[in-house]
Protein chains: 2
Amino acid sequence: MESVRSHLNEYVTTVGKSPIRALFELSFDPTLISFAGGNPASELFDVEGLTKSFTHIMETAGQRALQYASTDGEPEMRQAAALRTTQMGVPTTAAQVLITSGSQQGLGLLSQTLVNPGDVVLVENPSYVSALQAFGLQGAEFKPIDTDEGGVVPEALDAAIRQWKPKAVYMIPTFQNPTGVTMPESRRRAIADIIAAQDTWLIEDDPYSELRYTDEQQIPISADPRLDDRAFLLNTLSKVLSPGLRVGWIRGPEEILERISVAKQANALQTSTVDQLVAAHYLESNDLQAKLDPVRAEYARRRDAMLTGLREVLPPGSALTEPEGGMFVWARLPEGFDASALVYDAIKAGTMFVPGAPFYVADPDPRTLRFSFVSNTPEVTHEGLARLAPVFAGA
Amino acid sequence: MESVRSHLNEYVTTVGKSPIRALFELSFDPTLISFAGGNPASELFDVEGLTKSFTHIMETAGQRALQYASTDGEPEMRQAAALRTTQMGVPTTAAQVLITSGSQQGLGLLSQTLVNPGDVVLVENPSYVSALQAFGLQGAEFKPIDTDEGGVVPEALDAAIRQWKPKAVYMIPTFQNPTGVTMPESRRRAIADIIAAQDTWLIEDDPYSELRYTDEQQIPISADPRLDDRAFLLNTLSKVLSPGLRVGWIRGPEEILERISVAKQANALQTSTVDQLVAAHYLESNDLQAKLDPVRAEYARRRDAMLTGLREVLPPGSALTEPEGGMFVWARLPEGFDASALVYDAIKAGTMFVPGAPFYVADPDPRTLRFSFVSNTPEVTHEGLARLAPVFAGA
């Protein structure tokens, strides 16, 4: 385990390197039971269905699939993305969609297009680390928005916008990363009212909403037509189909998408032609919702195992979120604990979680930590938590 | 044709949109014979070989191919890239390689990592437009290096470095875009001496060197071990295997690659896992050099057809480069001609070239224009040039 530890030290001391990403890279160590990372479960990928689509595309459109393509995305994929977004409750045409090489590219492009050094970006506190990295690379100054168990507090958002005059507001309203929290419908409406009345961009990140373990479908804030000229909705196939394919999209105002396209051209020219055609073919020839049903059922089982297990091993006085979807449970240890200090002992014990501090832009709470529950079976989660128990008990 | 023209106007008037890229997008019009764009010939892609690799990877490593992977690139692909770079005359280990989603991403990442607003970047004049875009997005200030029929003039480079103290020098020494010019070996050695003695980064872009139509293999400037701590060599599979896959790499100093990796993480997380594994498998199980032999022979035939045809249709007093490889012929029309003004008439006549002016960072020569010769058969080139003849005659 010493080599793992020295690797970790090396990674986390590298200037600017995300410690979460560093933990993620460590998570390839096969002896470790990892609750870090944000990987969907490989064994639930529809390898057979995607293999069929690869074969079909290479056999029927091989030359096209291997050739250059447009920066904005292949027409079939833009159409498929528009249809999916519409089905999620946000009426969308292909012209309102720019294909990205995963949502992270969308975040990078939005940062480059909208944010200048010193611009304020309002974010949930804690928020998604790699989004903070993308905005931070452009010199954004972060201000936190107050949240509670229902996510962003509308009054706090309104006050923060008036106080900070932010260039953009970044949110993950559904099954948030890292907390797993979801904003109820009434809050979404209140937030739409606030954004509609102010002069700022809304960047709504929605990678998880189809990984829901109840029947309730959450409608994105961007569905409000008053926001059509100021909201960007980020979506991706990474969590519901495959992250290895790198196909996501931005839904937003067309004149800004044109500018984003210029940045994408200079950044990376285009998204993989073959990956786009394969994804579009798969979406057209499969019922993804039906395919997701057993995945959702299994993820719900894994979430339950995680919650049950955590209640047993976390020290008395700990608190847990109980997410209705997505991938993450967020925990807070009792007074006096420091999750960052425990992560090395956890690795020594053969398991791993992500300490919560790096997710904060202000007032980091050292007692917090994040557990991903989707990539391990209940049995493996049980074993991993058993390894963790003495770490918490001995702290 | 009117709709094509209105599209073109719309594109080229969009702020910051590369007119070459706009022409490229127009080149999907099937009625047009295009000498614009930089597409390799689709009909020469090894669709069968790549289909086998897709099938193999999906059948033997499907779950891994669809999952997240590391930012720096999959080990197999880094190894394959290192081997290819070594075979090109630049001894390279996998640790010296960062996989990129095509060379354009390499350019974007290098720009973001090395260039701050106001930094001077020295470039050949004319140079590759999308590289200028990538550096320009970061606020680079461009200064031209004098070139002649042998590429960059070493004395001029030395003087320019002393005068401008550039952050970086960007060059395409082999089959340059747009001119097709190649630096002879003696110049490369002289340039290596100059870079080794100065405090600047060398960014050497080498996408075309394996598309050579003579037996002479050009060794990159970066092969000089004195430059190991200051040279970045960009390479890609786009021109020799498939641009739709988006697999390229940067060979450079490891400590800077670490910083580039941080930027890549924030920009796009990673390159498509499946595309990397497929490319690595293809390179391991095929002799790409042997596969390229017939492609090179056909491209040489197409270049000859272009040169012969251009000599017939260009106005008397025109000049042409005679590239020994790559994709482009560069022409200069006689005194009084303006290639930009002719491009609309060319499109009306059902054909297209790229006017030279946008490739310049200083003193644009309006008489210049670029022809891509690889994507059309000799017969189609003949027909396209026949359509062009009256455009030049009537100008």
# chains A, B, ... in the order shown; residues from 1 in each chain; ligands from 1
$ interface_residues --of "chain B" --to "chain A" --cutoff "7 Å" --atoms "only C-alpha atoms" --output "PyMOL selection string"
chain B and resi 16-17+25+39+42-43+45+47+51+58+62-63+65-68+70+101-102+104-105+108+130+133-134+242-246+262+266-269+272-274
$ calpha_fit_and_write --fixed "chain A" --moving "chain B" --output "short mmCIF file (atom, residue, chain, number, x, y, z; two decimals) with C-alpha atoms, in the first residue's frame"
data_model
loop_
_atom_site.label_atom_id
_atom_site.label_comp_id
_atom_site.auth_asym_id
_atom_site.auth_seq_id
_atom_site.Cartn_x
_atom_site.Cartn_y
_atom_site.Cartn_z
CA MET B 1 -0.07 -0.10 -0.17
CA GLU B 2 2.95 2.17 0.31
CA SER B 3 3.22 2.83 -3.42
CA VAL B 4 -0.42 3.87 -3.55
CA ARG B 5 0.20 6.29 -0.73
CA SER B 6 3.27 7.81 -2.31
CA HIS B 7 1.35 8.15 -5.56
CA LEU B 8 -1.44 9.92 -3.75
CA ASN B 9 0.97 12.32 -2.10
CA GLU B 10 2.57 13.03 -5.42
CA TYR B 11 -0.77 13.70 -7.02
CA VAL B 12 -2.34 15.88 -4.39
CA THR B 13 0.73 18.01 -4.06
CA THR B 14 0.83 18.68 -7.79
CA VAL B 15 -0.25 22.28 -8.20
CA GLY B 16 -3.79 22.50 -9.46
CA LYS B 17 -4.34 18.77 -9.89
CA SER B 18 -7.75 17.89 -8.60
CA PRO B 19 -7.38 15.56 -5.61
CA ILE B 20 -10.63 13.87 -6.62
CA ARG B 21 -9.22 13.13 -10.03
CA ALA B 22 -6.05 11.89 -8.35
CA LEU B 23 -8.08 9.55 -6.18
CA PHE B 24 -9.92 8.49 -9.29
CA GLU B 25 -6.67 7.52 -10.96
CA LEU B 26 -5.67 5.55 -7.88
CA SER B 27 -9.01 3.79 -8.03
CA PHE B 28 -7.63 1.61 -10.82
CA ASP B 29 -5.75 -0.28 -8.09
CA PRO B 30 -7.65 -3.57 -8.17
CA THR B 31 -7.08 -4.38 -4.50
CA LEU B 32 -8.83 -1.24 -3.38
CA ILE B 33 -12.58 -1.01 -2.79
CA SER B 34 -13.25 2.50 -3.94
CA PHE B 35 -16.14 4.73 -2.97
CA ALA B 36 -14.35 7.63 -4.65
CA GLY B 37 -14.59 8.42 -8.39
CA GLY B 38 -17.80 8.97 -10.28
CA ASN B 39 -17.76 5.93 -12.53
CA PRO B 40 -21.00 4.30 -13.54
CA ALA B 41 -20.95 0.52 -13.12
CA SER B 42 -19.06 -1.04 -16.04
CA GLU B 43 -20.86 -4.36 -15.69
CA LEU B 44 -24.17 -2.63 -16.39
CA PHE B 45 -23.06 -1.04 -19.66
CA ASP B 46 -24.97 -2.28 -22.71
CA VAL B 47 -21.83 -3.61 -24.38
CA GLU B 48 -23.85 -5.81 -26.70
CA GLY B 49 -26.12 -3.01 -27.87
CA LEU B 50 -23.25 -0.60 -28.41
CA THR B 51 -21.21 -3.26 -30.21
CA LYS B 52 -24.12 -3.64 -32.62
CA SER B 53 -24.14 0.11 -33.20
CA PHE B 54 -20.37 0.20 -33.79
CA THR B 55 -20.68 -2.64 -36.28
CA HIS B 56 -23.64 -1.02 -38.00
CA ILE B 57 -21.98 2.37 -38.35
CA MET B 58 -18.64 0.98 -39.53
CA GLU B 59 -20.37 -1.27 -42.07
CA THR B 60 -22.86 1.26 -43.41
CA ALA B 61 -21.06 4.59 -42.93
CA GLY B 62 -17.45 3.68 -42.27
CA GLN B 63 -15.85 6.33 -44.46
CA ARG B 64 -18.00 9.05 -42.99
CA ALA B 65 -17.41 7.83 -39.41
CA LEU B 66 -13.65 8.03 -39.90
CA GLN B 67 -13.65 11.45 -41.60
CA TYR B 68 -13.62 14.99 -40.17
CA ALA B 69 -17.01 16.35 -39.20
CA SER B 70 -18.50 19.65 -38.15
CA THR B 71 -17.59 21.44 -34.91
CA ASP B 72 -21.20 21.76 -33.76
CA GLY B 73 -21.91 18.06 -33.96
CA GLU B 74 -23.28 15.58 -36.46
CA PRO B 75 -26.91 16.25 -37.46
CA GLU B 76 -28.12 12.87 -36.21
CA MET B 77 -26.56 13.40 -32.81
CA ARG B 78 -27.83 16.97 -32.49
CA GLN B 79 -31.28 15.69 -33.37
CA ALA B 80 -31.05 12.87 -30.84
CA ALA B 81 -29.82 15.28 -28.16
CA ALA B 82 -32.66 17.70 -28.88
CA LEU B 83 -35.17 14.86 -28.63
CA ARG B 84 -33.76 13.64 -25.32
CA THR B 85 -33.72 17.15 -23.88
CA THR B 86 -37.30 17.66 -24.99
CA GLN B 87 -38.30 14.38 -23.34
CA MET B 88 -36.73 15.65 -20.13
CA GLY B 89 -39.20 18.51 -20.18
CA VAL B 90 -37.18 21.17 -22.00
CA PRO B 91 -38.54 21.72 -25.53
CA THR B 92 -35.44 21.87 -27.73
CA THR B 93 -34.57 21.98 -31.42
CA ALA B 94 -31.36 20.67 -32.95
CA ALA B 95 -30.28 24.26 -33.60
CA GLN B 96 -30.32 24.91 -29.85
CA VAL B 97 -27.82 22.11 -29.27
CA LEU B 98 -24.04 22.02 -29.56
CA ILE B 99 -22.47 18.58 -29.18
CA THR B 100 -19.55 18.42 -26.75
CA SER B 101 -16.99 15.74 -25.95
CA GLY B 102 -18.72 15.10 -22.63
CA SER B 103 -20.11 17.66 -20.21
CA GLN B 104 -16.66 18.56 -18.98
CA GLN B 105 -15.89 20.02 -22.40
CA GLY B 106 -19.17 21.90 -22.14
CA LEU B 107 -18.02 23.39 -18.84
CA GLY B 108 -14.62 24.26 -20.30
CA LEU B 109 -16.16 25.93 -23.35
CA LEU B 110 -18.74 27.86 -21.33
CA SER B 111 -15.95 29.06 -19.04
CA GLN B 112 -13.84 30.19 -21.96
CA THR B 113 -16.74 31.89 -23.68
CA LEU B 114 -18.49 33.58 -20.76
CA VAL B 115 -15.93 34.12 -18.00
CA ASN B 116 -13.17 36.72 -17.85
CA PRO B 117 -10.59 36.94 -15.06
CA GLY B 118 -12.19 38.43 -11.96
CA ASP B 119 -15.76 37.66 -13.00
CA VAL B 120 -17.86 36.30 -10.18
CA VAL B 121 -19.46 32.87 -10.59
CA LEU B 122 -22.02 31.85 -7.97
CA VAL B 123 -21.95 28.18 -7.02
CA GLU B 124 -23.51 25.83 -4.55
CA ASN B 125 -21.17 25.28 -1.64
CA PRO B 126 -20.04 22.48 -1.91
CA SER B 127 -20.04 22.01 -5.71
CA TYR B 128 -18.59 19.79 -8.44
CA VAL B 129 -14.80 20.11 -8.28
CA SER B 130 -14.08 19.84 -12.00
CA ALA B 131 -16.57 22.61 -12.76
CA LEU B 132 -14.75 24.79 -10.25
CA GLN B 133 -11.52 23.87 -12.02
CA ALA B 134 -12.91 24.84 -15.44
CA PHE B 135 -14.18 28.22 -14.23
CA GLY B 136 -11.09 28.71 -12.09
CA LEU B 137 -8.78 28.24 -15.09
CA GLN B 138 -10.44 31.30 -16.64
CA GLY B 139 -9.85 33.35 -13.50
CA ALA B 140 -13.37 33.16 -12.05
CA GLU B 141 -13.91 34.39 -8.52
CA PHE B 142 -16.33 32.09 -6.69
CA LYS B 143 -19.02 33.15 -4.28
CA PRO B 144 -21.11 30.57 -2.43
CA ILE B 145 -24.90 30.41 -2.49
CA ASP B 146 -26.53 29.26 0.73
CA THR B 147 -28.11 25.83 0.46
CA ASP B 148 -30.14 23.62 2.74
CA GLU B 149 -31.64 20.14 2.43
CA GLY B 150 -33.64 21.37 -0.58
CA GLY B 151 -30.62 22.76 -2.40
CA VAL B 152 -30.15 26.44 -3.26
CA VAL B 153 -32.21 28.77 -1.07
CA PRO B 154 -34.02 31.15 -3.48
CA GLU B 155 -33.85 34.19 -1.21
CA ALA B 156 -30.13 33.61 -0.71
CA LEU B 157 -29.64 33.35 -4.48
CA ASP B 158 -31.53 36.59 -5.06
CA ALA B 159 -29.46 38.39 -2.43
CA ALA B 160 -26.20 36.94 -3.77
CA ILE B 161 -26.97 38.04 -7.33
CA ARG B 162 -27.75 41.58 -6.12
CA GLN B 163 -24.63 41.68 -4.00
CA TRP B 164 -22.11 40.11 -6.36
CA LYS B 165 -23.49 40.84 -9.82
CA PRO B 166 -22.19 37.47 -11.02
CA LYS B 167 -21.40 36.69 -14.62
CA ALA B 168 -22.96 33.28 -14.16
CA VAL B 169 -24.71 31.04 -11.66
CA TYR B 170 -23.68 27.38 -11.77
CA MET B 171 -25.97 24.73 -10.27
CA ILE B 172 -26.64 21.01 -10.27
CA PRO B 173 -30.29 21.00 -9.19
CA THR B 174 -30.89 17.25 -9.43
CA PHE B 175 -28.98 14.66 -7.36
CA GLN B 176 -26.25 17.19 -6.81
CA ASN B 177 -22.55 16.34 -6.85
CA PRO B 178 -21.28 15.99 -4.13
CA THR B 179 -24.32 16.13 -1.84
CA GLY B 180 -26.95 14.10 -3.66
CA VAL B 181 -29.50 16.82 -2.83
CA THR B 182 -32.39 17.61 -5.22
CA MET B 183 -34.27 20.90 -5.45
CA PRO B 184 -38.05 20.51 -5.19
CA GLU B 185 -40.26 21.84 -7.96
CA SER B 186 -41.34 24.93 -6.02
CA ARG B 187 -37.71 25.99 -5.58
CA ARG B 188 -37.03 25.52 -9.28
CA ARG B 189 -39.90 27.85 -10.11
CA ALA B 190 -38.67 30.42 -7.62
CA ILE B 191 -35.16 30.23 -9.02
CA ALA B 192 -36.44 30.61 -12.58
CA ASP B 193 -38.27 33.77 -11.46
CA ILE B 194 -35.09 35.16 -9.97
CA ILE B 195 -32.90 34.37 -12.97
CA ALA B 196 -35.53 35.75 -15.37
CA ALA B 197 -35.52 39.03 -13.47
CA GLN B 198 -31.75 39.42 -13.30
CA ASP B 199 -28.90 39.92 -15.72
CA THR B 200 -26.79 36.78 -15.37
CA TRP B 201 -26.23 33.45 -17.12
CA LEU B 202 -27.62 30.26 -15.63
CA ILE B 203 -25.44 27.20 -16.15
CA GLU B 204 -27.51 24.18 -15.18
CA ASP B 205 -25.61 20.92 -15.05
CA ASP B 206 -27.83 17.86 -15.33
CA PRO B 207 -25.82 14.66 -15.74
CA TYR B 208 -27.71 12.54 -13.21
CA SER B 209 -31.42 13.25 -13.52
CA GLU B 210 -32.23 10.02 -15.33
CA LEU B 211 -30.60 7.99 -12.59
CA ARG B 212 -33.67 8.44 -10.38
CA TYR B 213 -34.81 5.77 -7.96
CA THR B 214 -38.33 7.08 -7.46
CA ASP B 215 -41.05 7.72 -10.04
CA GLU B 216 -40.71 11.46 -9.75
CA GLN B 217 -39.15 13.10 -12.80
CA GLN B 218 -37.42 16.40 -12.10
CA ILE B 219 -37.85 19.10 -14.73
CA PRO B 220 -34.75 21.28 -15.29
CA ILE B 221 -34.95 24.95 -14.35
CA SER B 222 -34.04 25.70 -17.98
CA ALA B 223 -37.47 24.45 -19.04
CA ASP B 224 -38.86 27.91 -18.26
CA PRO B 225 -39.11 29.64 -21.66
CA ARG B 226 -38.25 33.00 -20.08
CA LEU B 227 -34.74 31.62 -19.63
CA ASP B 228 -34.24 30.63 -23.27
CA ASP B 229 -31.94 33.62 -23.82
CA ARG B 230 -29.87 33.14 -20.67
CA ALA B 231 -29.77 29.49 -19.60
CA PHE B 232 -27.32 26.77 -20.58
CA LEU B 233 -28.34 23.21 -19.84
CA LEU B 234 -25.51 20.68 -19.85
CA ASN B 235 -26.31 17.08 -20.57
CA THR B 236 -24.34 13.95 -21.32
CA LEU B 237 -24.56 10.27 -22.13
CA SER B 238 -21.74 9.53 -19.67
CA LYS B 239 -23.88 8.36 -16.76
CA VAL B 240 -26.67 6.67 -18.71
CA LEU B 241 -24.88 5.07 -21.66
CA SER B 242 -21.07 5.34 -21.61
CA PRO B 243 -18.52 7.89 -20.42
CA GLY B 244 -15.83 6.33 -22.63
CA LEU B 245 -17.63 7.59 -25.74
CA ARG B 246 -17.41 11.27 -24.71
CA VAL B 247 -20.69 12.55 -26.04
CA GLY B 248 -22.54 15.35 -24.29
CA TRP B 249 -24.22 18.59 -25.30
CA ILE B 250 -25.03 22.15 -24.36
CA ARG B 251 -28.57 23.43 -24.88
CA GLY B 252 -28.55 27.22 -24.99
CA PRO B 253 -29.17 30.46 -26.90
CA GLU B 254 -28.10 30.00 -30.51
CA GLU B 255 -26.07 33.22 -30.76
CA ILE B 256 -23.95 32.17 -27.78
CA LEU B 257 -23.62 28.63 -29.12
CA GLU B 258 -22.05 30.24 -32.21
CA ARG B 259 -19.38 31.79 -30.00
CA ILE B 260 -18.93 28.56 -28.09
CA SER B 261 -18.46 26.83 -31.43
CA VAL B 262 -15.58 29.19 -32.24
CA ALA B 263 -13.93 28.22 -28.96
CA LYS B 264 -14.55 24.53 -29.61
CA GLN B 265 -12.99 24.83 -33.04
CA ALA B 266 -9.82 26.32 -31.57
CA ASN B 267 -9.82 23.89 -28.63
CA ALA B 268 -10.41 20.56 -30.28
CA LEU B 269 -12.03 21.04 -33.70
CA GLN B 270 -14.80 18.49 -33.17
CA THR B 271 -16.11 15.55 -31.19
CA SER B 272 -15.21 12.05 -32.41
CA THR B 273 -17.26 11.39 -35.54
CA VAL B 274 -17.58 7.67 -34.97
CA ASP B 275 -18.57 8.07 -31.31
CA GLN B 276 -21.30 10.55 -32.28
CA LEU B 277 -22.70 8.39 -35.05
CA VAL B 278 -22.65 5.31 -32.83
CA ALA B 279 -24.37 7.13 -29.97
CA ALA B 280 -27.01 8.56 -32.31
CA HIS B 281 -27.63 5.15 -33.86
CA TYR B 282 -27.91 3.53 -30.45
CA LEU B 283 -30.42 6.10 -29.22
CA GLU B 284 -32.48 5.71 -32.37
CA SER B 285 -32.55 1.92 -32.33
CA ASN B 286 -32.92 1.29 -28.59
CA ASP B 287 -35.36 2.39 -25.92
CA LEU B 288 -32.86 3.86 -23.48
CA GLN B 289 -35.53 4.43 -20.84
CA ALA B 290 -36.39 0.74 -20.86
CA LYS B 291 -32.71 -0.20 -20.86
CA LEU B 292 -32.19 2.02 -17.83
CA ASP B 293 -34.91 0.38 -15.74
CA PRO B 294 -32.77 -2.53 -14.52
CA VAL B 295 -29.79 -0.19 -14.05
CA ARG B 296 -31.89 2.10 -11.88
CA ALA B 297 -33.17 -0.87 -9.88
CA GLU B 298 -29.65 -2.10 -9.26
CA TYR B 299 -28.33 1.37 -8.39
CA ALA B 300 -31.22 1.79 -5.92
CA ARG B 301 -30.21 -1.50 -4.30
CA ARG B 302 -26.62 -0.28 -4.11
CA ARG B 303 -27.69 3.04 -2.62
CA ASP B 304 -29.71 1.22 0.02
CA ALA B 305 -26.74 -1.00 0.87
CA MET B 306 -24.54 2.09 1.19
CA LEU B 307 -26.98 3.93 3.44
CA THR B 308 -27.57 0.91 5.65
CA GLY B 309 -23.87 0.18 5.87
CA LEU B 310 -22.86 3.76 6.55
CA ARG B 311 -25.36 4.03 9.39
CA GLU B 312 -23.56 1.07 10.96
CA VAL B 313 -19.95 2.16 10.53
CA LEU B 314 -20.02 5.94 10.80
CA PRO B 315 -19.38 7.26 14.30
CA PRO B 316 -22.44 8.13 16.39
CA GLY B 317 -23.58 11.66 15.66
CA SER B 318 -22.78 11.47 11.93
CA ALA B 319 -25.29 12.80 9.40
CA LEU B 320 -26.11 11.44 5.93
CA THR B 321 -27.99 12.65 2.86
CA GLU B 322 -30.50 10.16 1.44
CA PRO B 323 -30.39 10.81 -2.30
CA GLU B 324 -33.34 9.78 -4.46
CA GLY B 325 -31.07 9.36 -7.44
CA GLY B 326 -27.63 9.96 -8.87
CA MET B 327 -24.44 8.47 -7.54
CA PHE B 328 -23.44 10.08 -4.27
CA VAL B 329 -24.12 10.07 -0.55
CA TRP B 330 -22.72 12.96 1.45
CA ALA B 331 -21.83 12.43 5.10
CA ARG B 332 -20.82 14.67 7.95
CA LEU B 333 -18.80 13.18 10.79
CA PRO B 334 -19.24 14.35 14.36
CA GLU B 335 -17.45 17.33 15.87
CA GLY B 336 -13.68 16.89 16.00
CA PHE B 337 -13.31 14.59 12.97
CA ASP B 338 -11.24 15.50 9.90
CA ALA B 339 -12.12 13.46 6.83
CA SER B 340 -8.99 14.55 4.91
CA ALA B 341 -6.78 13.15 7.64
CA LEU B 342 -8.62 9.82 7.51
CA VAL B 343 -8.28 9.24 3.78
CA TYR B 344 -4.73 7.88 4.07
CA ASP B 345 -5.77 5.43 6.78
CA ALA B 346 -8.70 4.43 4.62
CA ILE B 347 -6.37 3.67 1.73
CA LYS B 348 -4.11 1.69 4.07
CA ALA B 349 -7.17 -0.29 5.08
CA GLY B 350 -7.86 -1.00 1.41
CA THR B 351 -10.70 1.37 0.72
CA MET B 352 -11.26 4.95 -0.35
CA PHE B 353 -13.70 7.83 -0.09
CA VAL B 354 -13.38 11.47 -1.13
CA PRO B 355 -12.93 14.03 1.64
CA GLY B 356 -15.39 16.90 1.32
CA ALA B 357 -13.13 19.91 1.78
CA PRO B 358 -12.04 20.33 -1.90
CA PHE B 359 -15.68 20.70 -2.98
CA TYR B 360 -16.08 23.96 -1.08
CA VAL B 361 -15.37 27.45 -2.38
CA ALA B 362 -15.73 28.93 1.11
CA ASP B 363 -15.69 27.68 4.70
CA PRO B 364 -14.78 24.07 3.92
CA ASP B 365 -16.28 21.66 6.38
CA PRO B 366 -13.50 19.19 7.27
CA ARG B 367 -16.03 16.75 8.72
CA THR B 368 -17.66 16.05 5.35
CA LEU B 369 -16.98 13.23 2.92
CA ARG B 370 -18.51 11.78 -0.25
CA PHE B 371 -19.32 8.16 -1.03
CA SER B 372 -20.14 6.93 -4.52
CA PHE B 373 -22.56 4.03 -4.25
CA VAL B 374 -23.10 2.94 -7.86
CA SER B 375 -19.91 1.14 -8.81
CA ASN B 376 -19.90 -1.55 -6.13
CA THR B 377 -22.37 -4.36 -5.52
CA PRO B 378 -24.02 -4.43 -2.09
CA GLU B 379 -21.64 -7.25 -1.11
CA VAL B 380 -18.54 -5.29 -2.07
CA THR B 381 -19.90 -2.16 -0.41
CA HIS B 382 -20.44 -4.22 2.73
CA GLU B 383 -16.85 -5.46 2.64
CA GLY B 384 -15.46 -1.99 1.92
CA LEU B 385 -17.38 -0.43 4.77
CA ALA B 386 -16.19 -3.23 7.08
CA ARG B 387 -12.65 -2.20 6.19
CA LEU B 388 -13.53 1.42 6.95
CA ALA B 389 -15.14 0.77 10.34
CA PRO B 390 -11.85 0.59 12.30
CA VAL B 391 -10.62 3.75 10.56
CA PHE B 392 -13.53 5.74 11.97
CA ALA B 393 -13.43 3.91 15.29
CA GLY B 394 -9.73 4.62 15.74
CA ALA B 395 -9.86 8.29 14.73
#
$ select_by_dssp --residues "region 88-306 of chain A" --states "strand (DSSP E or B)" --output "PyMOL selection string"
chain A and resi 97-100+120-124+141-145+147-148+151-152+168-171+201-205+212+231-236+248-251
$ select_by_dssp --residues "region 79-314 of chain A" --states "helix (DSSP H, G or I)" --output "PyMOL selection string"
chain A and resi 79-87+94-96+103-114+129-137+154-164+185-197+221-223+225-227+254-268+273-285+288-313
$ decode --residues "region 129-140 of chain A" --atoms "N, CA, C and O atoms" --output "PDB file, in the first residue's frame"
ATOM      1  N   VAL A 129     -16.169  19.609  -8.249  1.00  0.00           N
ATOM      2  CA  VAL A 129     -14.792  20.104  -8.273  1.00  0.00           C
ATOM      3  C   VAL A 129     -14.304  20.438  -9.680  1.00  0.00           C
ATOM      4  O   VAL A 129     -13.644  21.457  -9.894  1.00  0.00           O
ATOM      5  N   SER A 130     -14.618  19.594 -10.656  1.00  0.00           N
ATOM      6  CA  SER A 130     -14.069  19.838 -11.988  1.00  0.00           C
ATOM      7  C   SER A 130     -14.744  21.014 -12.682  1.00  0.00           C
ATOM      8  O   SER A 130     -14.172  21.609 -13.595  1.00  0.00           O
ATOM      9  N   ALA A 131     -15.960  21.363 -12.257  1.00  0.00           N
ATOM     10  CA  ALA A 131     -16.571  22.599 -12.760  1.00  0.00           C
ATOM     11  C   ALA A 131     -15.823  23.788 -12.165  1.00  0.00           C
ATOM     12  O   ALA A 131     -15.508  24.754 -12.874  1.00  0.00           O
ATOM     13  N   LEU A 132     -15.507  23.714 -10.875  1.00  0.00           N
ATOM     14  CA  LEU A 132     -14.742  24.788 -10.247  1.00  0.00           C
ATOM     15  C   LEU A 132     -13.387  24.959 -10.942  1.00  0.00           C
ATOM     16  O   LEU A 132     -12.932  26.081 -11.178  1.00  0.00           O
ATOM     17  N   GLN A 133     -12.782  23.831 -11.291  1.00  0.00           N
ATOM     18  CA  GLN A 133     -11.506  23.880 -12.010  1.00  0.00           C
ATOM     19  C   GLN A 133     -11.648  24.585 -13.352  1.00  0.00           C
ATOM     20  O   GLN A 133     -10.810  25.394 -13.732  1.00  0.00           O
ATOM     21  N   ALA A 134     -12.710  24.240 -14.093  1.00  0.00           N
ATOM     22  CA  ALA A 134     -12.905  24.835 -15.419  1.00  0.00           C
ATOM     23  C   ALA A 134     -13.109  26.341 -15.307  1.00  0.00           C
ATOM     24  O   ALA A 134     -12.487  27.121 -16.032  1.00  0.00           O
ATOM     25  N   PHE A 135     -13.969  26.767 -14.402  1.00  0.00           N
ATOM     26  CA  PHE A 135     -14.185  28.208 -14.227  1.00  0.00           C
ATOM     27  C   PHE A 135     -12.923  28.869 -13.659  1.00  0.00           C
ATOM     28  O   PHE A 135     -12.551  29.974 -14.048  1.00  0.00           O
ATOM     29  N   GLY A 136     -12.278  28.167 -12.738  1.00  0.00           N
ATOM     30  CA  GLY A 136     -11.082  28.713 -12.095  1.00  0.00           C
ATOM     31  C   GLY A 136      -9.950  28.955 -13.083  1.00  0.00           C
ATOM     32  O   GLY A 136      -9.218  29.944 -12.972  1.00  0.00           O
ATOM     33  N   LEU A 137      -9.807  28.073 -14.066  1.00  0.00           N
ATOM     34  CA  LEU A 137      -8.766  28.247 -15.082  1.00  0.00           C
ATOM     35  C   LEU A 137      -8.946  29.559 -15.838  1.00  0.00           C
ATOM     36  O   LEU A 137      -7.988  30.117 -16.360  1.00  0.00           O
ATOM     37  N   GLN A 138     -10.186  30.043 -15.928  1.00  0.00           N
ATOM     38  CA  GLN A 138     -10.442  31.310 -16.627  1.00  0.00           C
ATOM     39  C   GLN A 138     -10.389  32.500 -15.672  1.00  0.00           C
ATOM     40  O   GLN A 138     -10.720  33.611 -16.056  1.00  0.00           O
ATOM     41  N   GLY A 139     -10.018  32.238 -14.435  1.00  0.00           N
ATOM     42  CA  GLY A 139      -9.864  33.345 -13.495  1.00  0.00           C
ATOM     43  C   GLY A 139     -11.134  33.746 -12.776  1.00  0.00           C
ATOM     44  O   GLY A 139     -11.229  34.855 -12.244  1.00  0.00           O
ATOM     45  N   ALA A 140     -12.119  32.856 -12.747  1.00  0.00           N
ATOM     46  CA  ALA A 140     -13.368  33.174 -12.052  1.00  0.00           C
ATOM     47  C   ALA A 140     -13.122  33.362 -10.558  1.00  0.00           C
ATOM     48  O   ALA A 140     -12.258  32.706  -9.966  1.00  0.00           O
TER      49      ALA A 140
END
